[in-house]
$ cat query_37.txt   # compact mmCIF, C-alpha atoms
# COMPACT_ATOMS: atom_id res chain seq x y z
CA MET A 1040 120.04 77.01 108.25
CA GLU A 1041 117.47 76.59 110.99
CA ALA A 1042 115.85 73.21 110.95
CA GLU A 1043 112.30 74.24 111.66
CA THR A 1044 112.04 76.27 108.47
CA ASP A 1045 112.28 73.01 106.55
CA LEU A 1046 109.16 71.70 108.24
CA THR A 1047 105.83 72.58 106.71
CA PHE A 1048 103.38 74.91 108.43
CA ASP A 1049 100.83 73.17 110.49
CA SER A 1050 98.95 74.94 115.91
CA VAL A 1051 98.94 74.10 125.88
CA GLU A 1052 96.91 77.09 126.14
CA LEU A 1053 99.26 80.06 126.59
CA PRO A 1054 98.88 82.82 129.15
CA VAL A 1055 96.98 85.84 127.89
CA GLU A 1056 100.05 88.04 128.13
CA THR A 1057 101.89 85.78 125.68
CA CYS A 1058 99.33 86.57 123.03
CA ASP A 1059 98.96 90.25 123.83
CA LEU A 1060 100.70 91.60 120.77
CA SER A 1061 98.51 94.58 119.95
CA ILE A 1062 99.81 96.80 117.17
CA ARG A 1063 97.66 99.82 117.97
CA ASP A 1064 99.77 102.75 119.08
CA THR A 1065 97.81 105.83 118.06
CA GLU A 1066 94.42 107.30 118.88
CA PRO A 1067 91.78 107.95 116.17
CA LEU A 1068 89.82 111.12 115.73
CA CYS A 1069 86.94 111.44 118.18
CA CYS A 1070 83.37 111.44 116.95
CA GLU A 1071 82.78 115.16 117.64
CA GLU A 1072 85.87 116.14 115.71
CA ASN A 1073 84.86 113.74 112.96
CA LYS A 1074 81.53 115.51 112.63
CA GLN A 1075 83.18 118.94 112.45
CA LEU A 1076 85.67 117.82 109.85
CA SER A 1077 82.91 116.50 107.62
CA GLN A 1078 81.28 119.93 107.28
CA SER A 1079 84.18 121.27 105.22
CA SER A 1080 84.63 118.15 103.12
CA GLN A 1081 81.05 117.22 102.19
CA PRO A 1082 80.37 117.96 98.50
CA GLU A 1083 77.64 120.49 97.79
CA GLN A 1084 76.34 118.74 94.69
CA ARG A 1085 76.46 115.06 93.87
CA GLU A 1086 74.68 114.28 90.68
CA ASP A 1087 74.38 117.38 88.50
CA CYS A 1088 75.35 117.48 84.83
CA SER A 1089 78.70 119.13 85.45
CA GLU A 1090 79.77 116.36 87.80
CA ARG A 1091 78.72 113.67 85.32
CA SER A 1092 80.69 115.36 82.56
CA CYS A 1093 83.65 115.69 84.93
CA ARG A 1094 83.56 111.98 85.64
CA GLU A 1095 83.30 111.16 81.95
CA GLY A 1096 86.25 113.46 81.26
CA TRP A 1097 88.28 111.73 83.97
CA ARG A 1098 87.51 108.32 82.54
CA GLY A 1099 88.85 109.51 79.23
CA ARG A 1100 92.03 110.90 80.82
CA ARG A 1101 92.97 108.21 83.27
CA LYS A 1102 91.24 104.87 83.66
CA MET A 1103 91.79 102.76 86.70
CA ARG A 1104 93.27 99.40 85.98
CA LYS A 1105 93.46 96.22 87.95
CA THR A 1106 96.56 94.18 88.65
CA ASN A 1107 97.12 90.59 87.62
CA SER A 1108 96.69 89.18 91.12
CA PHE A 1109 93.98 91.56 92.38
CA LYS A 1110 93.97 89.89 95.78
CA MET A 1111 91.30 90.37 98.39
CA VAL A 1112 92.46 92.17 101.49
CA ARG A 1113 91.50 89.28 103.76
CA PHE A 1114 91.57 85.50 103.79
CA GLN A 1115 87.91 84.59 103.43
CA GLU A 1116 85.95 82.28 101.21
CA PRO A 1117 83.56 84.08 98.81
CA SER A 1118 79.88 83.55 99.27
CA GLU A 1119 78.00 81.12 97.07
CA GLU A 1120 76.11 83.96 95.45
CA GLU A 1121 79.15 85.78 94.11
CA SER A 1122 82.59 84.57 93.13
CA VAL A 1123 85.89 86.34 93.79
CA SER A 1124 86.12 87.37 90.16
CA GLU A 1125 82.62 88.87 90.30
CA ARG A 1126 83.50 90.81 93.41
CA ASP A 1127 87.01 91.89 92.52
CA SER A 1128 87.69 91.94 88.80
CA THR A 1129 85.82 95.15 87.97
CA THR A 1130 87.70 98.44 87.98
CA GLU A 1131 84.52 100.52 88.25
CA THR A 1132 84.41 102.68 91.36
CA LEU A 1133 82.22 101.57 94.26
CA PHE A 1134 81.26 105.21 94.92
CA PRO A 1135 80.23 106.82 91.59
CA LEU A 1136 78.79 109.89 93.36
CA HIS A 1137 82.14 110.65 94.97
CA VAL A 1138 84.66 110.64 92.12
CA VAL A 1139 86.78 113.59 93.27
CA ASP A 1140 90.15 114.84 92.04
CA GLU A 1141 91.93 113.46 95.09
CA TRP A 1142 90.74 109.97 94.14
CA THR A 1143 91.49 110.24 90.44
CA THR A 1144 94.45 112.51 89.70
CA SER A 1145 96.12 114.22 92.68
CA GLY A 1146 99.65 113.19 93.60
CA PHE A 1147 100.08 111.53 97.00
CA GLU A 1148 102.73 114.02 98.13
CA GLU A 1149 100.23 116.83 97.54
CA LEU A 1150 97.59 114.98 99.58
CA PHE A 1151 99.99 114.31 102.47
CA MET A 1152 100.62 118.09 102.67
CA SER A 1153 97.06 119.29 102.03
CA GLU A 1154 95.39 121.36 104.75
CA GLU A 1155 91.99 119.98 103.69
CA TRP A 1156 92.96 116.54 104.97
CA HIS A 1157 93.02 115.65 108.64
CA ASP A 1158 95.51 113.54 110.55
CA ILE A 1159 94.43 110.29 112.18
CA THR A 1160 97.89 109.68 113.61
CA GLU A 1161 100.37 112.17 115.05
CA ASP A 1162 103.04 111.27 112.48
CA ARG A 1163 100.78 112.61 109.67
CA LEU A 1164 101.29 109.36 107.75
CA LEU A 1165 97.63 108.31 108.02
CA ARG A 1166 95.18 110.99 106.87
CA LYS A 1167 91.53 111.22 105.86
CA LYS A 1168 89.08 113.45 104.04
CA ILE A 1169 85.38 112.92 104.67
CA LEU A 1170 83.24 112.84 101.53
CA GLU A 1171 79.94 112.09 103.26
CA PRO A 1172 79.43 112.22 107.05
CA GLY A 1173 77.90 109.41 109.02
CA CYS A 1174 75.95 109.09 112.25
CA PRO A 1175 77.49 108.57 115.72
CA PRO A 1176 78.89 106.66 117.42
CA CYS A 1177 82.28 105.55 116.16
CA PRO A 1178 83.11 101.84 116.39
CA ASN A 1179 85.23 100.58 119.27
CA TRP A 1180 88.23 98.32 119.53
CA GLY A 1181 87.10 94.67 119.37
CA GLU A 1182 83.82 95.31 117.53
CA GLU A 1183 82.96 93.71 114.20
CA VAL A 1184 82.44 96.02 111.22
CA THR A 1185 81.36 95.78 107.61
CA VAL A 1186 82.91 98.18 105.09
CA SER A 1187 82.94 98.73 101.36
CA MET A 1188 86.47 99.56 100.27
CA GLN A 1189 88.80 99.95 97.34
CA ALA A 1190 92.47 100.92 97.28
CA VAL A 1191 94.77 102.27 94.57
CA LEU A 1192 98.45 102.99 94.08
CA GLU A 1193 99.57 106.49 93.10
CA ASP A 1194 99.25 105.59 89.40
CA ARG A 1195 95.63 104.61 90.23
CA THR A 1196 96.17 100.89 89.73
CA VAL A 1197 93.44 99.16 91.74
CA VAL A 1198 95.07 96.70 94.15
CA GLU A 1199 92.29 95.96 96.66
CA LYS A 1200 88.53 95.97 96.36
CA ASP A 1201 85.74 94.46 98.43
CA ASN A 1202 82.13 95.57 98.53
CA LYS A 1203 81.46 93.73 101.80
CA LEU A 1204 84.59 93.40 103.90
CA VAL A 1205 83.93 92.05 107.41
CA PHE A 1206 86.56 92.13 110.15
CA VAL A 1207 87.00 92.62 113.90
CA ILE A 1208 88.95 95.77 114.76
CA GLY A 1209 92.20 94.87 116.46
CA GLU A 1210 92.53 91.25 115.31
CA GLY A 1211 94.97 92.02 112.50
CA ASP A 1212 92.90 90.57 109.67
CA VAL A 1213 93.37 93.74 107.62
CA SER A 1214 96.05 96.40 107.38
CA GLN A 1215 96.65 98.76 110.29
CA ALA A 1216 95.55 101.61 108.01
CA LEU A 1217 92.07 100.11 107.67
CA GLU A 1218 91.76 99.38 111.39
CA GLU A 1219 92.83 102.88 112.44
CA GLY A 1220 90.82 104.49 109.66
CA VAL A 1221 87.59 102.70 110.54
CA LEU A 1222 88.04 103.60 114.23
CA SER A 1223 87.84 107.27 113.22
CA MET A 1224 84.64 106.82 111.15
CA GLN A 1225 80.93 106.87 111.89
CA LYS A 1226 78.30 104.48 110.54
CA GLY A 1227 77.39 105.44 106.96
CA GLU A 1228 80.41 107.69 106.51
CA ILE A 1229 82.26 107.69 103.18
CA THR A 1230 85.85 108.84 103.37
CA LEU A 1231 89.16 108.95 101.56
CA LEU A 1232 92.02 107.42 103.53
CA LEU A 1233 95.66 108.06 102.61
CA ALA A 1234 98.14 105.65 104.20
CA ASP A 1235 101.91 105.58 104.18
CA SER A 1236 103.49 102.18 103.56
CA GLN A 1237 104.27 101.64 107.24
CA TYR A 1238 100.51 101.34 107.83
CA THR A 1239 99.96 98.99 104.87
CA TYR A 1240 102.55 96.55 103.42
CA GLY A 1241 105.82 98.22 104.42
CA HIS A 1242 109.25 97.45 103.02
CA LEU A 1243 108.17 94.09 101.59
CA GLY A 1244 105.12 95.25 99.67
CA ARG A 1245 102.80 92.49 98.50
CA GLN A 1246 103.89 90.53 95.48
CA PRO A 1247 103.13 90.88 92.68
CA ASP A 1248 100.85 93.92 92.81
CA ILE A 1249 102.00 96.27 95.61
CA PRO A 1250 105.64 97.45 95.45
CA ALA A 1251 107.83 97.92 98.51
CA TRP A 1252 107.31 101.21 100.39
CA ALA A 1253 104.15 101.98 98.37
CA PRO A 1254 101.54 104.26 100.00
CA LEU A 1255 97.89 103.48 99.29
CA LEU A 1256 94.80 105.62 98.82
CA TYR A 1257 91.57 104.05 100.08
CA GLN A 1258 87.98 105.00 99.48
CA LEU A 1259 85.70 103.34 101.99
CA GLN A 1260 82.29 103.39 103.62
CA LEU A 1261 81.47 102.06 107.08
CA SER A 1262 78.23 100.13 106.54
CA ASP A 1263 77.64 98.39 109.86
CA VAL A 1264 78.98 98.09 113.41
CA ARG A 1265 78.09 95.31 115.86
CA GLN A 1266 79.44 93.36 118.79
CA LYS A 1267 81.73 90.44 117.98
CA ALA A 1268 79.88 87.15 118.34
CA ASP A 1269 80.83 84.88 121.24
CA PRO A 1270 82.77 81.97 119.67
CA GLN A 1271 80.95 79.51 121.96
CA THR A 1272 77.62 80.47 120.38
CA LEU A 1273 78.75 79.86 116.80
CA PRO A 1274 78.13 76.61 114.89
CA ILE A 1275 81.12 74.28 114.83
CA ALA A 1276 81.55 74.71 111.08
CA GLU A 1277 81.79 78.49 111.47
CA ARG A 1278 84.30 78.15 114.28
CA ILE A 1279 86.45 75.88 112.11
CA ARG A 1280 86.27 78.40 109.26
CA ILE A 1281 87.33 81.27 111.52
CA GLY A 1282 90.11 79.19 113.06
CA ASN A 1283 91.48 78.30 109.63
CA HIS A 1284 91.22 81.93 108.60
CA LYS A 1285 93.30 83.02 111.62
CA ARG A 1286 95.89 80.31 110.97
CA GLU A 1287 96.21 81.32 107.31
CA ARG A 1288 96.61 84.92 108.37
CA GLY A 1289 99.32 83.82 110.77
CA ASN A 1290 101.07 82.01 107.92
CA PHE A 1291 100.89 85.21 105.86
CA TYR A 1292 102.61 87.19 108.62
CA PHE A 1293 105.15 84.42 109.27
CA GLN A 1294 106.23 84.41 105.65
CA ARG A 1295 106.74 88.17 105.93
CA GLU A 1296 108.85 87.56 109.07
CA GLU A 1297 106.34 89.51 111.17
CA TYR A 1298 106.52 86.93 113.94
CA ASN A 1299 104.69 88.93 116.63
CA ARG A 1300 101.65 89.29 114.40
CA ALA A 1301 101.92 85.65 113.34
CA ALA A 1302 101.95 84.46 116.97
CA ARG A 1303 98.99 86.67 117.77
CA ALA A 1304 97.00 85.26 114.84
CA TYR A 1305 97.79 81.68 115.88
CA CYS A 1306 96.68 82.44 119.45
CA MET A 1307 93.33 83.71 118.17
CA GLY A 1308 93.07 80.63 115.96
CA LEU A 1309 93.41 78.44 119.05
CA GLU A 1310 90.35 80.15 120.55
CA GLN A 1311 88.28 78.77 117.67
CA ASP A 1312 89.82 75.40 116.80
CA GLU A 1313 88.48 72.41 118.71
CA ILE A 1314 89.07 69.79 116.03
CA LYS A 1315 92.26 67.90 116.91
CA ASP A 1316 93.96 68.12 113.50
CA TYR A 1317 93.30 71.86 113.11
CA ARG A 1318 94.41 72.59 116.65
CA LEU A 1319 97.64 70.65 116.12
CA LYS A 1320 98.47 72.67 113.03
CA CYS A 1321 97.87 75.93 114.87
CA LEU A 1322 99.94 74.81 117.88
CA ASN A 1323 102.87 73.75 115.71
CA ASN A 1324 102.84 77.03 113.82
CA LEU A 1325 102.62 79.00 117.06
CA ALA A 1326 105.62 77.14 118.49
CA MET A 1327 107.63 77.94 115.38
CA ALA A 1328 106.77 81.65 115.64
CA GLN A 1329 107.69 81.65 119.33
CA LEU A 1330 111.07 80.09 118.54
CA LYS A 1331 111.68 82.86 116.00
CA LEU A 1332 110.88 85.38 118.74
CA GLU A 1333 113.26 83.51 121.09
CA GLN A 1334 110.35 82.80 123.43
CA ASN A 1335 111.73 79.34 124.15
CA GLU A 1336 109.82 78.74 127.39
CA GLU A 1337 106.51 79.57 125.70
CA ALA A 1338 107.44 77.43 122.70
CA LEU A 1339 108.16 74.47 124.98
CA LYS A 1340 104.73 74.84 126.63
CA THR A 1341 103.07 75.02 123.21
CA CYS A 1342 104.88 71.86 122.09
CA ASP A 1343 103.84 70.11 125.32
CA GLU A 1344 100.18 70.82 124.55
CA ALA A 1345 100.62 69.54 121.01
CA LEU A 1346 102.17 66.33 122.38
CA GLN A 1347 99.24 65.91 124.77
CA LEU A 1348 96.97 65.87 121.73
CA ASP A 1349 99.32 63.65 119.72
CA PRO A 1350 102.32 62.04 121.49
CA HIS A 1351 103.76 61.09 118.10
CA ASN A 1352 103.66 64.54 116.51
CA VAL A 1353 107.07 64.85 114.82
CA LYS A 1354 107.21 68.63 114.69
CA ALA A 1355 106.39 69.03 118.37
CA LEU A 1356 108.94 66.35 119.32
CA PHE A 1357 111.64 68.00 117.24
CA ARG A 1358 111.02 71.52 118.54
CA SER A 1359 110.78 70.37 122.16
CA GLY A 1360 114.06 68.51 121.76
CA LYS A 1361 115.73 71.53 120.22
CA VAL A 1362 114.63 73.81 123.09
CA LEU A 1363 115.72 71.31 125.74
CA LEU A 1364 119.08 70.91 124.02
CA SER A 1365 119.93 74.51 123.19
CA ASP A 1366 118.19 76.44 125.98
CA LYS A 1367 117.78 74.09 128.93
CA GLY A 1368 120.88 71.97 128.62
CA GLN A 1369 118.81 68.86 129.28
CA TYR A 1370 120.76 66.64 126.91
CA LYS A 1371 119.35 63.27 127.89
CA GLU A 1372 115.70 64.38 127.59
CA ALA A 1373 116.46 66.21 124.34
CA MET A 1374 118.10 63.16 122.78
CA GLU A 1375 115.14 60.96 123.70
CA LEU A 1376 112.71 63.34 121.98
CA LEU A 1377 114.91 63.76 118.90
CA LYS A 1378 115.38 60.00 118.55
CA ARG A 1379 111.61 59.48 118.77
CA ALA A 1380 111.06 62.08 116.09
CA LEU A 1381 113.72 60.57 113.81
CA LYS A 1382 112.29 57.08 114.28
CA LEU A 1383 108.79 58.27 113.37
CA GLU A 1384 109.92 60.21 110.30
CA PRO A 1385 113.49 59.40 109.20
CA SER A 1386 113.24 61.54 106.06
CA THR A 1387 112.36 64.78 107.85
CA LYS A 1388 114.74 67.52 106.74
CA GLY A 1389 116.79 68.99 109.57
CA LEU A 1390 116.25 65.92 111.73
CA SER A 1391 119.51 64.24 110.75
CA TRP A 1392 121.89 62.04 112.67
CA LYS A 1393 124.28 65.01 112.77
CA LEU A 1394 121.95 66.74 115.22
CA LEU A 1395 121.73 63.66 117.41
CA LEU A 1396 125.50 63.14 117.23
CA GLY A 1397 126.04 66.75 118.27
CA ALA A 1398 123.72 66.30 121.23
CA LEU A 1399 125.57 63.10 122.21
CA ILE A 1400 128.97 64.83 122.06
CA VAL A 1401 127.72 67.71 124.21
CA ALA A 1402 126.22 65.26 126.72
CA LEU A 1403 129.45 63.21 126.91
CA ALA A 1404 131.56 66.33 127.34
CA SER A 1405 129.31 67.48 130.15
CA LEU A 1406 129.60 64.05 131.78
CA VAL A 1407 133.43 64.06 131.53
CA ILE A 1408 133.64 67.53 133.07
CA SER A 1409 131.32 66.45 135.87
CA VAL A 1410 133.49 63.37 136.61
CA ILE A 1411 136.69 65.46 136.63
CA LEU A 1412 135.21 68.01 138.99
CA THR A 1413 134.01 65.27 141.30
CA ALA A 1414 137.46 63.63 141.32
CA CYS A 1415 139.13 66.96 142.08
CA ASN A 1416 136.81 67.56 144.99

$ encode --input "query_37.txt" --output "structure tokens"
Amino acid sequence: MEAETDLTFDSVELPVETCDLSIRDTEPLCCEENKQLSQSSQPEQREDCSERSCREGWRGRRKMRKTNSFKMVRFQEPSEEESVSERDSTTETLFPLHVVDEWTTSGFEELFMSEEWHDITEDRLLRKKILEPGCPPCPNWGEEVTVSMQAVLEDRTVVEKDNKLVFVIGEGDVSQALEEGVLSMQKGEITLLLADSQYTYGHLGRQPDIPAWAPLLYQLQLSDVRQKADPQTLPIAERIRIGNHKRERGNFYFQREEYNRAARAYCMGLEQDEIKDYRLKCLNNLAMAQLKLEQNEEALKTCDEALQLDPHNVKALFRSGKVLLSDKGQYKEAMELLKRALKLEPSTKGLSWKLLLGALIVALASLVISVILTACN
């Protein structure tokens, strides 16, 4: 068992390339193509009697239902005006004028094969159908957007819903499906987005509401597009909130063993956190993710920065000692760090005398070999 997993999550400025863990690998539809596609998918009538009766008939046939957890898609505190339950507990559609068969009854396999849908990615595993066109231009990578969204499983269980979801495209705060989907949209556009599990929650799913390998069907509207605010211009309280949000997102990815994404989230958290305690937590978590990725040199630098902030930080001492012992072969330095950590927190799991004894044995063996080679020479 690896010792660091027994230590709780807690986060030296790393080079930019260390944090460059972008997950974007496909190009969205261009704005001109988006406009052309919308002509064939825009409904001719929106609020006539036949449509109302159709919606009423659908409600009688198949009602959407929420799950027990009904989690928000992001880690963000609700506003004072509306609670999470007020925003998320309803199963009523956010787009009553666009209750179409694809949203209510059609099987996902049929939608993946439909010629009326258009591919966002070349693998045909992320597709869209425009219900109402928007106005150019499309948002760009790194811009902040506001969307209204809801997502269902194939049995139409509602698993995600947010009337005002705010995120920066490319920062990993939402699923890859939402990032790629929004990149293909125009402001004001309402669209259906069908995503295979590899663009959402993959082989792990999201307990307890999204099963493993489950595709999702989104209905979303792009409400606003703007430039991301410069962190230096934000109030300190807002910067702390964003930093904590990034660290929590990193913890989410770490628990899913998505260590690249976790490290990237922790790096972005460091851009926001200036309070010592918050920065330490983010540095410690980043070092743990880097060790999982076998980026030992980067992890050692991260631990060094944590120790500059707090020379008595047990987690940073322990992880530095482990890297020096296992990767650098610097037994004396490693033992000093491990002994300091054990003295500060004797009860820390994984920081036992067995580890120190092992380091001592390795150091003594190295010394004996060195003496023998010297005598032979």

$ atom_distance --input "query_37.txt" --atom1 "atom CA of Pro1350 of chain A" --atom2 "atom CA of Lys1315 of chain A"
12.5 Å

$ residues_around --input "query_37.txt" --residues "Phe1151 of chain A" --least-positions-apart "5" --cutoff "12 Å" --atoms "all atoms listed in the file" --output "mmCIF file with C-alpha atoms, in the frame of the given file"
data_model
loop_
_atom_site.group_PDB
_atom_site.id
_atom_site.type_symbol
_atom_site.label_atom_id
_atom_site.label_comp_id
_atom_site.auth_asym_id
_atom_site.auth_seq_id
_atom_site.Cartn_x
_atom_site.Cartn_y
_atom_site.Cartn_z
ATOM 1 C CA GLU A 1141 91.930 113.460 95.090
ATOM 2 C CA SER A 1145 96.120 114.220 92.680
ATOM 3 C CA GLY A 1146 99.650 113.190 93.600
ATOM 4 C CA TRP A 1156 92.960 116.540 104.970
ATOM 5 C CA HIS A 1157 93.020 115.650 108.640
ATOM 6 C CA ASP A 1158 95.510 113.540 110.550
ATOM 7 C CA ILE A 1159 94.430 110.290 112.180
ATOM 8 C CA ASP A 1162 103.040 111.270 112.480
ATOM 9 C CA ARG A 1163 100.780 112.610 109.670
ATOM 10 C CA LEU A 1164 101.290 109.360 107.750
ATOM 11 C CA LEU A 1165 97.630 108.310 108.020
ATOM 12 C CA ARG A 1166 95.180 110.990 106.870
ATOM 13 C CA LYS A 1167 91.530 111.220 105.860
ATOM 14 C CA LYS A 1168 89.080 113.450 104.040
ATOM 15 C CA LEU A 1232 92.020 107.420 103.530
ATOM 16 C CA LEU A 1233 95.660 108.060 102.610
ATOM 17 C CA ALA A 1234 98.140 105.650 104.200
ATOM 18 C CA ASP A 1235 101.910 105.580 104.180
ATOM 19 C CA PRO A 1254 101.540 104.260 100.000
ATOM 20 C CA LEU A 1255 97.890 103.480 99.290
ATOM 21 C CA LEU A 1256 94.800 105.620 98.820
#

$ closest_residue --input "query_37.txt" --among "A:Thr1160, A:Ser1262, A:Met1307, A:Leu1170" --to "Gln1215 of chain A" --atoms "all atoms listed in the file"
A:Thr1160

$ residues_around --input "query_37.txt" --residues "Pro1178 of chain A" --least-positions-apart "2" --cutoff "7 Å" --atoms "only C-alpha atoms" --output "list in words"
Pro1176, Trp1180, Glu1182, Leu1222 and Val1264 of chain A

$ closest_residue --input "query_37.txt" --among "A:Lys1285, A:Lys1340, A:Lys1226, A:Arg1300" --to "Glu1171 of chain A" --atoms "all atoms listed in the file"
A:Lys1226

$ atom_distance --input "query_37.txt" --atom1 "atom CA of Ser1153 of chain A" --atom2 "atom CA of Ile1229 of chain A"
18.8 Å

$ residues_around --input "query_37.txt" --residues "Glu1228 of chain A" --least-positions-apart "3" --cutoff "7 Å" --atoms "all atoms listed in the file" --output "PyMOL selection string"
chain A and resi 1171-1173+1224-1225+1260-1261

$ closest_residue --input "query_37.txt" --among "A:Gly1181, A:Ala1326, A:Gly1211, A:Leu1332" --to "Glu1287 of chain A" --atoms "only C-alpha atoms"
A:Gly1211

$ closest_residue --input "query_37.txt" --among "A:Gly1360, A:Gly1241, A:Gly1227, A:Gly1368" --to "Pro1175 of chain A" --atoms "all atoms listed in the file"
A:Gly1227

$ atom_distance --input "query_37.txt" --atom1 "atom CA of Ala1328 of chain A" --atom2 "atom CA of Tyr1298 of chain A"
5.6 Å

$ residues_around --input "query_37.txt" --residues "Gln1189 of chain A" --least-positions-apart "6" --cutoff "7 Å" --atoms "all atoms listed in the file" --output "PyMOL selection string"
chain A and resi 1199-1201+1257-1259

$ write_last_selection --input "query_37.txt" --atoms "C-alpha atoms" --output "PDB file, in the frame of the given file"
ATOM      1  CA  GLU A1199      92.290  95.960  96.660  1.00  0.00           C
ATOM      2  CA  LYS A1200      88.530  95.970  96.360  1.00  0.00           C
ATOM      3  CA  ASP A1201      85.740  94.460  98.430  1.00  0.00           C
ATOM      4  CA  TYR A1257      91.570 104.050 100.080  1.00  0.00           C
ATOM      5  CA  GLN A1258      87.980 105.000  99.480  1.00  0.00           C
ATOM      6  CA  LEU A1259      85.700 103.340 101.990  1.00  0.00           C
TER       7      LEU A1259
END

$ residues_around --input "query_37.txt" --residues "Met1327 of chain A" --least-positions-apart "4" --cutoff "8 Å" --atoms "only C-alpha atoms" --output "number ranges by chain"
A: 1043, 1323, 1331, 1338, 1358

$ write_last_selection --input "query_37.txt" --atoms "C-alpha atoms" --output "short mmCIF file (atom, residue, chain, number, x, y, z; two decimals), keeping the file's coordinate frame"
data_model
loop_
_atom_site.label_atom_id
_atom_site.label_comp_id
_atom_site.auth_asym_id
_atom_site.auth_seq_id
_atom_site.Cartn_x
_atom_site.Cartn_y
_atom_site.Cartn_z
CA GLU A 1043 112.30 74.24 111.66
CA ASN A 1323 102.87 73.75 115.71
CA LYS A 1331 111.68 82.86 116.00
CA ALA A 1338 107.44 77.43 122.70
CA ARG A 1358 111.02 71.52 118.54
#

$ residues_near_point --input "query_37.txt" --point "(103.4, 78.5, 118.2)" --cutoff "12 Å" --atoms "only C-alpha atoms" --output "PyMOL selection string"
chain A and resi 1043+1048-1053+1057-1058+1286+1289-1290+1293+1298-1309+1318-1345+1354-1355+1358-1359
